[in-house]
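Content type mmCIF, C-alpha atoms, from the file coords-v8.cif:
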```
data_my_file
#
loop_
_atom_site.label_atom_id
_atom_site.label_comp_id
_atom_site.auth_asym_id
_atom_site.auth_seq_id
_atom_site.Cartn_x
_atom_site.Cartn_y
_atom_site.Cartn_z
CA ALA A 1196 271.31 241.94 227.77
CA GLN A 1197 267.73 241.22 227.01
CA THR A 1198 266.55 237.71 226.25
CA VAL A 1199 263.31 236.41 224.82
CA THR A 1200 262.21 232.82 225.42
CA GLN A 1201 259.56 230.87 223.57
CA SER A 1202 259.26 227.47 225.20
CA GLN A 1203 256.91 225.88 222.67
CA PRO A 1204 258.75 224.91 219.46
CA GLU A 1205 255.59 223.57 217.84
CA MET A 1206 251.88 223.73 218.47
CA SER A 1207 248.80 222.50 216.70
CA VAL A 1208 245.22 223.70 216.88
CA GLN A 1209 242.04 222.80 215.10
CA GLU A 1210 240.29 225.31 212.95
CA ALA A 1211 237.93 227.60 214.90
CA GLU A 1212 239.59 226.73 218.20
CA THR A 1213 241.66 229.00 220.42
CA VAL A 1214 245.37 228.66 221.01
CA THR A 1215 247.83 230.50 223.25
CA LEU A 1216 251.50 230.91 222.46
CA SER A 1217 253.87 231.63 225.32
CA CYS A 1218 256.67 234.15 225.56
CA THR A 1219 258.78 235.29 228.47
CA TYR A 1220 261.50 237.91 228.48
CA ASP A 1221 264.16 239.21 230.73
CA THR A 1222 265.16 242.84 231.04
CA SER A 1223 266.12 245.43 233.59
CA GLU A 1224 264.58 248.21 231.51
CA SER A 1225 261.33 249.85 232.54
CA ASN A 1226 260.45 251.29 229.15
CA TYR A 1227 260.17 248.77 226.35
CA TYR A 1228 257.97 247.34 223.63
CA LEU A 1229 256.91 243.81 222.85
CA PHE A 1230 255.81 242.38 219.54
CA TRP A 1231 254.44 239.24 217.98
CA TYR A 1232 255.43 238.64 214.38
CA LYS A 1233 254.03 236.01 212.05
CA GLN A 1234 256.15 234.36 209.36
CA PRO A 1235 254.02 232.25 207.01
CA PRO A 1236 255.52 229.83 204.47
CA SER A 1237 256.18 232.80 202.17
CA ARG A 1238 258.79 233.88 204.78
CA GLN A 1239 257.41 237.46 204.85
CA MET A 1240 257.53 238.84 208.38
CA ILE A 1241 254.19 240.32 209.37
CA LEU A 1242 253.48 242.31 212.52
CA VAL A 1243 250.61 240.72 214.41
CA ILE A 1244 250.41 242.86 217.52
CA ARG A 1245 252.48 245.17 219.68
CA GLN A 1246 252.37 246.19 223.32
CA GLU A 1247 253.93 249.17 225.06
CA ALA A 1248 255.19 248.25 228.52
CA TYR A 1249 253.77 251.38 230.10
CA LYS A 1250 250.25 250.44 229.04
CA GLN A 1251 248.44 248.19 231.45
CA GLN A 1252 245.69 247.35 228.99
CA ASN A 1253 246.35 244.27 226.91
CA ALA A 1254 246.59 244.92 223.17
CA THR A 1255 244.06 243.34 220.83
CA GLU A 1256 243.85 243.12 217.05
CA ASN A 1257 240.72 241.37 215.86
CA ARG A 1258 241.21 237.66 216.67
CA PHE A 1259 244.61 238.26 218.23
CA SER A 1260 245.12 239.40 221.79
CA VAL A 1261 247.91 239.36 224.31
CA ASN A 1262 248.15 238.65 228.00
CA PHE A 1263 250.85 241.01 229.20
CA GLN A 1264 252.02 240.30 232.73
CA LYS A 1265 254.73 242.86 233.39
CA ALA A 1266 255.74 241.64 236.83
CA ALA A 1267 256.09 238.09 235.57
CA LYS A 1268 257.73 239.30 232.33
CA SER A 1269 255.29 237.27 230.34
CA PHE A 1270 253.73 238.16 226.98
CA SER A 1271 251.51 235.43 225.58
CA LEU A 1272 249.54 235.58 222.32
CA LYS A 1273 246.01 234.25 222.10
CA ILE A 1274 244.57 233.44 218.70
CA SER A 1275 240.81 233.01 218.72
CA ASP A 1276 238.77 231.28 216.03
CA SER A 1277 241.91 229.90 214.42
CA GLN A 1278 242.00 229.85 210.65
CA LEU A 1279 244.06 227.81 208.21
CA GLY A 1280 245.82 231.01 207.20
CA ASP A 1281 247.17 231.36 210.71
CA THR A 1282 249.55 228.49 210.03
CA ALA A 1283 252.99 230.05 210.39
CA MET A 1284 256.01 230.58 212.58
CA TYR A 1285 255.31 233.08 215.34
CA PHE A 1286 258.12 235.11 216.84
CA CYS A 1287 257.97 237.10 220.02
CA ALA A 1288 260.23 240.16 219.97
CA PHE A 1289 261.45 242.78 222.42
CA ILE A 1290 262.99 246.20 222.16
CA SER A 1291 263.91 248.65 224.88
CA GLY A 1292 262.63 252.18 224.61
CA THR A 1293 265.96 253.71 223.76
CA ALA A 1294 267.28 251.02 221.44
CA SER A 1295 266.56 250.28 217.81
CA LYS A 1296 267.46 246.58 217.63
CA LEU A 1297 264.80 243.94 218.01
CA THR A 1298 265.56 240.82 220.02
CA PHE A 1299 263.65 237.81 218.73
CA GLY A 1300 262.64 234.61 220.44
CA THR A 1301 263.30 231.23 218.85
CA GLY A 1302 259.81 230.98 217.45
CA THR A 1303 256.80 228.71 217.71
CA ARG A 1304 255.59 226.82 214.68
CA LEU A 1305 251.79 226.81 214.68
CA GLN A 1306 249.84 224.38 212.54
CA VAL A 1307 246.11 224.92 212.12
CA THR A 1308 244.31 221.74 211.10
CA LEU A 1309 240.86 220.95 209.77
CA GLY B 77 251.10 251.29 204.26
CA ALA B 78 254.86 251.18 204.52
CA VAL B 79 256.49 248.85 202.02
CA VAL B 80 260.02 247.50 201.85
CA SER B 81 261.10 245.91 198.61
CA GLN B 82 263.91 243.37 198.70
CA HIS B 83 265.59 242.00 195.58
CA PRO B 84 266.35 239.47 194.39
CA SER B 85 263.96 237.06 196.09
CA TRP B 86 266.30 234.20 195.31
CA VAL B 87 269.74 233.86 193.78
CA ILE B 88 272.12 231.04 192.97
CA CYS B 89 275.77 231.88 192.58
CA LYS B 90 279.03 230.06 192.16
CA SER B 91 281.47 229.74 195.01
CA GLY B 92 283.94 232.61 195.01
CA THR B 93 281.67 235.15 193.38
CA SER B 94 279.93 238.12 195.02
CA VAL B 95 276.22 238.72 195.32
CA LYS B 96 274.42 241.99 196.04
CA ILE B 97 271.03 242.15 197.75
CA GLU B 98 269.01 245.37 197.70
CA CYS B 99 266.55 246.65 200.24
CA ARG B 100 264.40 249.66 199.34
CA SER B 101 261.85 251.55 201.33
CA LEU B 102 259.25 252.49 198.74
CA ASP B 103 257.06 255.05 200.45
CA PHE B 104 259.06 256.31 203.40
CA GLN B 105 262.57 257.36 204.29
CA ALA B 106 264.55 254.96 206.40
CA THR B 107 267.63 256.31 208.12
CA THR B 108 268.12 252.94 209.75
CA MET B 109 267.85 249.52 208.19
CA PHE B 110 268.70 246.10 209.54
CA TRP B 111 270.03 242.94 207.94
CA TYR B 112 269.15 239.52 209.32
CA ARG B 113 270.14 236.00 208.48
CA GLN B 114 267.78 233.12 209.05
CA PHE B 115 268.69 229.44 208.93
CA PRO B 116 265.97 226.86 208.27
CA LYS B 117 263.49 226.56 211.11
CA GLN B 118 265.43 229.06 213.20
CA SER B 119 264.94 232.60 214.35
CA LEU B 120 266.24 235.78 212.78
CA MET B 121 269.81 236.59 213.63
CA LEU B 122 270.75 240.25 213.38
CA MET B 123 273.86 240.71 211.28
CA ALA B 124 274.22 244.48 211.17
CA THR B 125 272.53 247.83 211.54
CA SER B 126 272.78 250.05 208.51
CA ASN B 127 272.70 253.81 209.02
CA GLU B 128 272.30 256.23 206.14
CA GLY B 129 275.49 258.11 205.43
CA SER B 130 277.63 256.27 207.94
CA LYS B 131 279.29 252.93 208.46
CA ALA B 132 277.22 249.95 209.39
CA THR B 133 277.36 248.52 212.88
CA TYR B 134 278.05 244.80 212.79
CA GLU B 135 277.04 242.29 215.42
CA GLN B 136 279.70 240.28 217.15
CA GLY B 137 280.94 237.42 215.03
CA VAL B 138 279.80 238.86 211.70
CA GLU B 139 282.64 239.37 209.23
CA LYS B 140 282.61 242.96 208.01
CA ASP B 141 284.75 242.20 204.98
CA LYS B 142 282.53 239.35 203.86
CA PHE B 143 279.19 241.08 204.35
CA LEU B 144 279.55 244.58 202.97
CA ILE B 145 276.71 246.96 203.76
CA ASN B 146 276.09 250.26 202.06
CA HIS B 147 273.33 252.70 202.95
CA ALA B 148 274.00 255.55 200.55
CA SER B 149 270.49 257.00 200.44
CA LEU B 150 267.47 257.29 202.68
CA THR B 151 265.64 254.62 200.73
CA LEU B 152 268.28 252.07 199.81
CA SER B 153 270.56 249.72 201.69
CA THR B 154 272.57 246.97 200.04
CA LEU B 155 274.20 243.83 201.39
CA THR B 156 277.01 242.34 199.33
CA VAL B 157 278.16 238.85 200.16
CA THR B 158 281.74 238.78 198.90
CA SER B 159 283.59 235.66 197.85
CA ALA B 160 280.57 233.59 198.69
CA HIS B 161 280.97 230.02 199.89
CA PRO B 162 278.39 227.26 200.39
CA GLU B 163 278.22 228.02 204.12
CA ASP B 164 276.92 231.48 203.24
CA SER B 165 273.81 229.88 201.79
CA SER B 166 270.91 231.14 203.85
CA PHE B 167 267.82 233.32 203.89
CA TYR B 168 268.61 237.02 204.28
CA ILE B 169 265.98 239.51 205.41
CA CYS B 170 266.14 243.28 205.63
CA SER B 171 264.06 245.55 207.80
CA ALA B 172 263.57 249.29 207.79
CA LEU B 173 262.77 251.46 210.77
CA ARG B 174 260.08 253.86 209.63
CA ASP B 175 258.97 255.34 212.95
CA ARG B 176 261.64 255.49 215.60
CA GLY B 177 259.29 256.74 218.30
CA ALA B 178 256.79 253.95 217.84
CA HIS B 179 259.43 251.39 216.89
CA GLY B 180 257.69 250.74 213.61
CA TYR B 181 259.56 248.17 211.56
CA THR B 182 258.77 246.95 208.07
CA PHE B 183 260.39 243.82 206.72
CA GLY B 184 261.41 242.94 203.20
CA SER B 185 260.27 239.65 201.72
CA GLY B 186 263.70 238.09 202.03
CA THR B 187 266.35 236.67 199.71
CA ARG B 188 267.23 233.00 199.50
CA LEU B 189 270.90 232.69 198.63
CA THR B 190 272.30 229.39 197.43
CA VAL B 191 276.01 229.14 196.79
CA VAL B 192 277.08 226.16 194.70
#
```

Please rewrite the model in this file as structure tokens.
Amino acid sequence: AQTVTQSQPEMSVQEAETVTLSCTYDTSESNYYLFWYKQPPSRQMILVIRQEAYKQQNATENRFSVNFQKAAKSFSLKISDSQLGDTAMYFCAFISGTASKLTFGTGTRLQVTL
Amino acid sequence: GAVVSQHPSWVICKSGTSVKIECRSLDFQATTMFWYRQFPKQSLMLMATSNEGSKATYEQGVEKDKFLINHASLTLSTLTVTSAHPEDSSFYICSALRDRGAHGYTFGSGTRLTVV
């Protein structure tokens, strides 16, 4: 079974600074996808970024980028130029290529301060 | 973009009654939908996978008779919490799979259920 681990329950960053959220996973699959989801206080789950395991290039979406280390099974999220609106719970998620069920990590609560 | 509408956003019900939560994909067909439960400050826990036209697949430990799932059309899945009790109080979230190849998921906005 796949597992996703987020070792940072809470983090804080000042506005305009950069923060990195950690995620590791365990799988024996070779074809899979990784995601970062954001859940703000509204509780709406929002896709931040996704990464296909077969792609070596790290995914980027504006201020959000990932550091995907396949051999180390690590998938960290970097948020640059943090904004107050980035305050949320961030969940790392995994799915194997043939499955349809997402496996979520325990989440990291990020607080962006002035 | 793909939108999933979930209703109601919150509901309070008396212990022993049943509550139905709807999840609709507004601009795409979803043969597969998922129901999650989320406790405060915790992650999403998958309850069941809902497949259009067939029985739902429940995760281990989830009571099928308490959490009834119906996916009668390509755009609607419902979760009915039967004979609700205070311990069923939680935040329930649905998700629809809109692009199986790309694993594109869209989430509903969630339902806060309080059983008194």

Exercise for the section: Take CA of Gln105 in chain B and CA of Ser130 in chain B and report the distance between them in Å, one decimal. Expected result: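 Atom-to-atom, CA of Gln105 in chain B to CA of Ser130 in chain B, that is 15.5 Å.
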
Fill in the blank from the handout: Of B:Gln118, B:Thr108, B:Thr182, B:Thr190, the one sitting nearest Ala160 in chain B when using only C-alpha atoms is B:Thr190

Which residues of chain B have any atom within 9 Å of an atom in chain A when counting only C-alpha atoms, and what is the closest pair of atoms for each, with the distance in Å to one decimal? Order the rows by chain and rising number and write it as a Markdown table.
```
| residue | atom | partner | partner_atom | distance |
| --- | --- | --- | --- | --- |
| B:Thr108 | CA | A:Ser1295 | CA | 8.6 |
| B:Phe110 | CA | A:Lys1296 | CA | 8.2 |
| B:Lys117 | CA | A:Gly1302 | CA | 8.6 |
| B:Gln118 | CA | A:Thr1301 | CA | 6.4 |
| B:Ser119 | CA | A:Thr1301 | CA | 5.0 |
| B:Leu120 | CA | A:Phe1299 | CA | 6.8 |
| B:Met121 | CA | A:Phe1299 | CA | 8.1 |
| B:Leu122 | CA | A:Lys1296 | CA | 8.3 |
| B:Thr125 | CA | A:Lys1296 | CA | 8.0 |
| B:Ile169 | CA | A:Gln1239 | CA | 8.8 |
| B:Leu173 | CA | A:Ser1295 | CA | 8.1 |
| B:Arg176 | CA | A:Ser1295 | CA | 7.5 |
| B:Gly177 | CA | A:Gly1292 | CA | 8.5 |
| B:Ala178 | CA | A:Tyr1228 | CA | 8.9 |
| B:His179 | CA | A:Ser1295 | CA | 7.3 |
| B:Tyr181 | CA | A:Leu1242 | CA | 8.5 |
| B:Thr182 | CA | A:Ile1241 | CA | 8.2 |
| B:Phe183 | CA | A:Met1240 | CA | 6.0 |
| B:Gly184 | CA | A:Gln1239 | CA | 7.0 |
| B:Ser185 | CA | A:Gln1239 | CA | 4.8 |
| B:Gly186 | CA | A:Gln1239 | CA | 6.9 |
```

Handout entry: Selection near Leu1309 in chain A, 10 Å with only C-alpha atoms, sequence-local residues under 5 positions removed, as a PyMOL selection string
Key = chain A and resi 1208-1211+1278-1279

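Applied to the file shown here, the PyMOL selection byres ((chain B and resi 97) around 9) selects the residues Gln82, His83, Pro84, Ser85, Val95, Lys96, Glu98, Cys99, Ser153, Thr154, Leu155, Thr156, Val157, Tyr168 and Thr187 of chain B.
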
Handout entry: Long-range neighbours of Thr1215 in chain A as a PyMOL selection string, 10 Å cut-off, only C-alpha atoms, 5 positions minimum in chain
Key = chain A and resi 1206+1208+1259-1262+1271-1275

Practice task
Find the residue from A:Ser1269, A:Ser1225, A:Trp1231, A:Ser1217 that sits nearest to Glu1256 in chain A; use all atoms listed in the file when measuring.
Solution key: A:Trp1231

Practice task
To one decimal in Å, tell me the separation between CA of Glu1205 in chain A and CA of Ala1267 in chain A.
Solution key: 22.9 Å

Practice task
Please measure the separation of CA of Val87 in chain B and CA of Gly129 in chain B, giving the value in Å to one decimal.
Solution key: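 The value is 27.5 Å.
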
Problem - Selection near Ala106 in chain B, 6 Å with only C-alpha atoms, sequence-local residues under 3 positions removed, as a PyMOL selection string - result: chain B and resi 150-151+172-174

Exercise for the section: Might you spell out which residues the PyMOL selection byres ((chain A and resi 1282) around 7) would select in the displayed file, as a ChimeraX atom specification? Expected result: /A:1235,1279-1281,1283,1305-1307

For range 131-136 of chain B, please output as a CSV table (one decimal) with C-alpha atoms, in the coordinates of the input all residues within 9 Å (counting only C-alpha atoms; exclusion window: fewer than 5 positions along the same chain).
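Done, and the output landed in out-v2.csv:
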```csv
chain,number,residue,atom,x,y,z
B,122,LEU,CA,270.8,240.2,213.4
B,123,MET,CA,273.9,240.7,211.3
B,124,ALA,CA,274.2,244.5,211.2
B,125,THR,CA,272.5,247.8,211.5
B,126,SER,CA,272.8,250.0,208.5
B,144,LEU,CA,279.6,244.6,203.0
B,145,ILE,CA,276.7,247.0,203.8
B,146,ASN,CA,276.1,250.3,202.1
B,147,HIS,CA,273.3,252.7,203.0
```

Kindly resolve the PyMOL selection byres ((chain B and resi 191) around 12) on the present coordinates and return the residues as a PDB file with C-alpha atoms, in the frame of the given file.
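The new file part.pdb reads:
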```
ATOM      1  CA  TRP B  86     266.300 234.200 195.310  1.00  0.00           C
ATOM      2  CA  VAL B  87     269.740 233.860 193.780  1.00  0.00           C
ATOM      3  CA  ILE B  88     272.120 231.040 192.970  1.00  0.00           C
ATOM      4  CA  CYS B  89     275.770 231.880 192.580  1.00  0.00           C
ATOM      5  CA  LYS B  90     279.030 230.060 192.160  1.00  0.00           C
ATOM      6  CA  SER B  91     281.470 229.740 195.010  1.00  0.00           C
ATOM      7  CA  GLY B  92     283.940 232.610 195.010  1.00  0.00           C
ATOM      8  CA  THR B  93     281.670 235.150 193.380  1.00  0.00           C
ATOM      9  CA  SER B  94     279.930 238.120 195.020  1.00  0.00           C
ATOM     10  CA  VAL B  95     276.220 238.720 195.320  1.00  0.00           C
ATOM     11  CA  VAL B 157     278.160 238.850 200.160  1.00  0.00           C
ATOM     12  CA  THR B 158     281.740 238.780 198.900  1.00  0.00           C
ATOM     13  CA  SER B 159     283.590 235.660 197.850  1.00  0.00           C
ATOM     14  CA  ALA B 160     280.570 233.590 198.690  1.00  0.00           C
ATOM     15  CA  HIS B 161     280.970 230.020 199.890  1.00  0.00           C
ATOM     16  CA  PRO B 162     278.390 227.260 200.390  1.00  0.00           C
ATOM     17  CA  GLU B 163     278.220 228.020 204.120  1.00  0.00           C
ATOM     18  CA  ASP B 164     276.920 231.480 203.240  1.00  0.00           C
ATOM     19  CA  SER B 165     273.810 229.880 201.790  1.00  0.00           C
ATOM     20  CA  SER B 166     270.910 231.140 203.850  1.00  0.00           C
ATOM     21  CA  PHE B 167     267.820 233.320 203.890  1.00  0.00           C
ATOM     22  CA  ARG B 188     267.230 233.000 199.500  1.00  0.00           C
ATOM     23  CA  LEU B 189     270.900 232.690 198.630  1.00  0.00           C
ATOM     24  CA  THR B 190     272.300 229.390 197.430  1.00  0.00           C
ATOM     25  CA  VAL B 192     277.080 226.160 194.700  1.00  0.00           C
TER      26      VAL B 192
END
```

Problem - Distance criterion (all atoms listed in the file): nearest to Arg113 in chain B out of B:Ser149, B:Asn127, B:Gly77, B:Cys170 - result: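 Closest to Arg113 in chain B, using all atoms listed in the file: B:Cys170.
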
Save range 140-156 of chain B to a file: N, CA and C atoms, as a PDB file, in the first residue's frame.
```
ATOM      1  N   LYS B 140     -21.624   0.256   5.386  1.00  0.00           N
ATOM      2  CA  LYS B 140     -22.400   0.425   4.166  1.00  0.00           C
ATOM      3  C   LYS B 140     -23.844   0.802   4.460  1.00  0.00           C
ATOM      4  N   ASP B 141     -24.396   0.219   5.511  1.00  0.00           N
ATOM      5  CA  ASP B 141     -25.810   0.461   5.803  1.00  0.00           C
ATOM      6  C   ASP B 141     -26.035   1.832   6.431  1.00  0.00           C
ATOM      7  N   LYS B 142     -25.016   2.412   6.977  1.00  0.00           N
ATOM      8  CA  LYS B 142     -25.156   3.735   7.589  1.00  0.00           C
ATOM      9  C   LYS B 142     -24.926   4.831   6.547  1.00  0.00           C
ATOM     10  N   PHE B 143     -23.979   4.616   5.690  1.00  0.00           N
ATOM     11  CA  PHE B 143     -23.622   5.612   4.670  1.00  0.00           C
ATOM     12  C   PHE B 143     -24.007   5.061   3.294  1.00  0.00           C
ATOM     13  N   LEU B 144     -25.239   5.385   2.904  1.00  0.00           N
ATOM     14  CA  LEU B 144     -25.763   4.876   1.638  1.00  0.00           C
ATOM     15  C   LEU B 144     -25.352   5.794   0.491  1.00  0.00           C
ATOM     16  N   ILE B 145     -24.783   5.213  -0.534  1.00  0.00           N
ATOM     17  CA  ILE B 145     -24.336   5.993  -1.682  1.00  0.00           C
ATOM     18  C   ILE B 145     -25.081   5.536  -2.921  1.00  0.00           C
ATOM     19  N   ASN B 146     -25.572   6.529  -3.661  1.00  0.00           N
ATOM     20  CA  ASN B 146     -26.270   6.263  -4.900  1.00  0.00           C
ATOM     21  C   ASN B 146     -25.694   7.126  -6.004  1.00  0.00           C
ATOM     22  N   HIS B 147     -25.392   6.505  -7.128  1.00  0.00           N
ATOM     23  CA  HIS B 147     -24.804   7.243  -8.260  1.00  0.00           C
ATOM     24  C   HIS B 147     -25.626   6.883  -9.496  1.00  0.00           C
ATOM     25  N   ALA B 148     -26.841   7.401  -9.529  1.00  0.00           N
ATOM     26  CA  ALA B 148     -27.815   6.977 -10.536  1.00  0.00           C
ATOM     27  C   ALA B 148     -27.625   7.636 -11.896  1.00  0.00           C
ATOM     28  N   SER B 149     -26.890   8.724 -11.953  1.00  0.00           N
ATOM     29  CA  SER B 149     -26.668   9.377 -13.239  1.00  0.00           C
ATOM     30  C   SER B 149     -25.210   9.794 -13.353  1.00  0.00           C
ATOM     31  N   LEU B 150     -24.834  10.229 -14.532  1.00  0.00           N
ATOM     32  CA  LEU B 150     -23.440  10.602 -14.769  1.00  0.00           C
ATOM     33  C   LEU B 150     -23.054  11.932 -14.152  1.00  0.00           C
ATOM     34  N   THR B 151     -24.028  12.606 -13.555  1.00  0.00           N
ATOM     35  CA  THR B 151     -23.714  13.908 -12.965  1.00  0.00           C
ATOM     36  C   THR B 151     -24.116  14.019 -11.498  1.00  0.00           C
ATOM     37  N   LEU B 152     -24.639  12.961 -10.921  1.00  0.00           N
ATOM     38  CA  LEU B 152     -25.128  13.076  -9.555  1.00  0.00           C
ATOM     39  C   LEU B 152     -24.792  11.849  -8.722  1.00  0.00           C
ATOM     40  N   SER B 153     -24.194  12.104  -7.570  1.00  0.00           N
ATOM     41  CA  SER B 153     -23.996  11.068  -6.565  1.00  0.00           C
ATOM     42  C   SER B 153     -24.535  11.611  -5.248  1.00  0.00           C
ATOM     43  N   THR B 154     -25.181  10.733  -4.485  1.00  0.00           N
ATOM     44  CA  THR B 154     -25.710  11.167  -3.196  1.00  0.00           C
ATOM     45  C   THR B 154     -25.177  10.279  -2.081  1.00  0.00           C
ATOM     46  N   LEU B 155     -24.975  10.912  -0.935  1.00  0.00           N
ATOM     47  CA  LEU B 155     -24.571  10.200   0.285  1.00  0.00           C
ATOM     48  C   LEU B 155     -25.670  10.428   1.306  1.00  0.00           C
ATOM     49  N   THR B 156     -26.257   9.358   1.798  1.00  0.00           N
ATOM     50  CA  THR B 156     -27.282   9.457   2.827  1.00  0.00           C
ATOM     51  C   THR B 156     -26.742   8.870   4.115  1.00  0.00           C
TER      52      THR B 156
END
```
